[in-house]
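Student: This structure is in structure tokens; I'll ask about it shortly.
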Amino acid sequence: MVINVKNLVKRYGDLIALDHFNLEVQEGEILGLLGPNGSGKTTAINCILSLLKYDKGTIEIYDQPMSPDAYDIKRNIGVVMQNVAVFNELTVYENIDYFCGLYVSDKQTRKKLVAEAIDFVGLNDFKKFYPKKLSGGLLRRLNIACGIAHRPKLIILDEPTVAVDPQSRNNILEGILELNRQGATIIYTSHYMEEVEQICSRIAIMDKGKIIAMGTNEDLKKMIKSGEHISLELLNPENLDLTEIQALSHIISAELTDHQLVVKSSRGKNNLIAILDHLKDQNIAIGKIYSEPPTLNDVFLEITGKELRD
Amino acid sequence: MFLFNYRYRLKCIFKDKQLMFWTFLFPILLATLFNLAFSNLSSADNFLKVNVAVVQNQELDQNPSFIQAIDGADDLFIVKYTTQADADALLKDNQIDGYIVFDSDLNLVVNQSGLNQTIIREFLDDFVQSSATIVTVISQNPAALNNGMLTGISSRTEYLTAVSASHSNPDPIVNYFYALIAMTCLYGGFLGVKEVVAIQADLSAVGARINLAPTNKLTVFISSMLAATTIQLLELLILLTFLTGVLGISFGDQLGYIALTCMVGSLTGVTFGACLGSIIKKGEGLKIGILIGSTMTMSFLAGMMSADMKYIVMTKAPILGYLNPANLITDSFYALYYYNTHTQFFTDILLLCGFIIAFSSITYFVLRRQKYASL
């Protein structure tokens with residue numbers, strides 16, 4: 001096992017940031033820690049990395065207790081912080097070389113690793129640039145390169161795509177998948193459910209310092225009642241009796257706003273057909289139809305009663 | 001790791017333009033301004049001779065002793081012998097401060113009263129008094145003319161002798177520059193703050209990254225502080241070269257002791273900044289604000305803005321002088337320049353070393369913590 005956290009408790013005065021937090025991370029997986037801002041993701045990561053003191057619990061990494069001077073463990077960990085952590089006075093190359101040098105003392109080996117990291121994040125044309133000259137996306141890539149240049153076995157990425165444009169975000173996510181393909185175990189924290197769904201093999205949903213649900217994307221969605229979201233544009237909604245729609249089997253809720261009918265259904269076959277048949281019987285014409293499977297937001301909403309993005 | 005970090009920290013400090021301005025260019029600019037402001041001040045202290053004219057007439061020719069007396073006072077007067085009309089014209093044009101006319105009495109003609117006119121009058125009064133004394137002595141005891149009694153009348157005896165404490169002449173201006181060097185030493189605190197912020201996880205993101213690495217934090221810290229001190233010493237060396245080579249400020253010739261003062265002063269400044277940086281948990285802006293405020297206060301009390309302040313502190317509250325690193329650095333240079341013994345110098349250096357140990361100990365106790373309560 002790569003990481004084994006048991007009953008971790010971290011308090012800030014009266015506020016409980018981590019409330020008996022438990023986590024197991026297996027070798028080779030990409031584990032997503034998903035939760036709204038303030039749910040305890042970064043606190044959990046900082047405790048795991050022995051940056052933060054905690055009140056209770058045990059943390060083991062590669063079956064060894066983690067501590068600030070556990071250098072053998074630290075050598076195998078790469079961290080990409082939420083805030084860009086680079087020196088503005090050093091160039092792209094020098095920054096990567098410096099942070100790689102904290103792990104790798106041999107100059108020749110380091111030179112090779114730095115070149116690979118620059119190549120990996122696509123900063124070959126910006127090696128001599130200073131961070132202030134880089135765009136937000138390029139800066140995030142530099143931040144990643146500084147965290148992974150020493151080729152760690154375990155990589156922890158804490159919201160690496162915050163304030164990044166869509167193109168750079170895709171590049172970063174592709175890069176993470178590539179690192180995983182090369183053998184790295186990855187912990188990825190985010191409050192963007194789409195990202196977590198896209199790259200993570202297993203997802204832990206956090207709220208109020210606890211993991212409230214854990215499993216694969218499919219496992220999590222199976223935990224909830226919601227089956228699909230059906231949106232229909234009605235051309236003559238005045239003929240609609242909403243209570244009749246709500247009375248159909250497997251329907252959880254139905255709301256009409258202007259010409260837009262939004263129906264949430266539980267799992268079940270032919271829900272959409274049943275709705276369409278009903279509307280046809282009522283002589284209600286339909287403009288457009290959308291059907292979406294449940295999202296992680298629905299999972300979060302159903303478990304906590306609030307939106308993931310709140 | 002030590003050298004690796006040292007090299008990169010040197011690079012980081014050198015490339016920090018804001019930091020280099022405050023710790024390097026600002027003191028040089030201030031020294032230049034001091035020099036411009038003080039160049040007139042020291043020349044104003046020089047005595048300017050009094051221009052005086054003496055009207056040539058028959059009476060003057062009959063009093064060669066007066067001509068001898070006024071010509072002998074060449075360190076006081078620039079004397080012109082002229083006619084009455086020319087003397088009037090010179091006085092009208094303010095080319096002379098007054099003129100002397102011998103007729104039945106000794107007369108002084110001036111067109112205003114002032115220091116120079118008073119000096120001429122005092123000289124004439126003295127001459128008249130001495131002449132009257134000689135006339136009285138000769139009339140009562142003509143033999144005195146032959147036995148040398150009269151020589152003593154015009155002679156003056158100094159019963160106090162000025163003895164210099166060193167080879168250098170006292171110059172109140174240099175204290176301003178010594179206080180400026182002290183300020184520069186304490187501005188090394190900027191470097192200390194930067195180095196502490198760079199390695200503390202609760203103060204900067206790069207600090208967090210360094211704490212995550214498998215490296216000994218103390219090694220990183222010591223090499224960072226050494227890099228800061230190296231740069232501070234280089235900056236001081238350039239400042240001293242500028243002060244001595246360009247502005248002509250004297251520091252005496254005890255180079256070894258001057259180097260020791262610079263080294264101890266730099267370490268005091270860097271460790272002072274590191275201490276402030278580690279104990280103040282708020283933003284870097286606040287740390288720098290407190291650093292500038294405290295450094296300027298200490299420099300003010302050490303006499304950087306007014307030489308009298310240093311004197312007031314040392315007479316009214318001497319303990320404040322000994323608790324002020326800026327004053328101790330200023331005093332060290334002053335002691336080297338003026339005193340022939342090193343007692344005062346080593347007292348200052350030892351007290352500064354005490355500050356270095358105190359600042360370093362506090363910093364160490366804060367930095368040794370390996371985990372943080374919050375980030």
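Following the order of the structure tokens, chains are lettered A, B, ..., residues in each are numbered from 1, and ligands are numbered from 1.
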Where does chain A meet chain B within 6 Å, residue by residue, with the nearest atom pair and distance in Å to one decimal for each, counting only C-alpha atoms, listed by chain and rising number, as a tab-separated table?
Tutor:
```
residue	atom	partner	partner_atom	distance
A:Leu51	CA	B:Lys371	CA	5.0
A:Leu52	CA	B:Tyr372	CA	4.8
A:Lys53	CA	B:Ala373	CA	5.4
A:Tyr71	CA	B:Pro214	CA	4.4
A:Lys74	CA	B:Pro214	CA	5.4
A:Arg75	CA	B:Pro214	CA	5.8
A:Ala85	CA	B:Val206	CA	4.6
A:Val86	CA	B:Val206	CA	5.9
A:Glu89	CA	B:Cys12	CA	5.2
```
Student: May I have all residues of stretch 93-307 of chain A that DSSP, computed from the backbone, assigns to strand (DSSP E), given as a PyMOL selection string?
Tutor: chain A and resi 154-158+185-190+202-207+210-215+226-234+251-257+260-266+286-292
Student: Quick one: residues within 9 Å of A:Ser226, only C-alpha atoms, excluding same-chain residues fewer than 3 positions away - as a PyMOL selection string?
Tutor: chain A and resi 221-222+229+252+264-267+293-294+298-299+302
Student: Would you pick out the contacts of B:Phe221 at 9 Å or less, using only C-alpha atoms, so that residues sharing its chain but fewer than 2 positions from it are not included, and give the list as a ChimeraX atom specification?
Tutor: /B:195-196,199,216-219,223-226,367
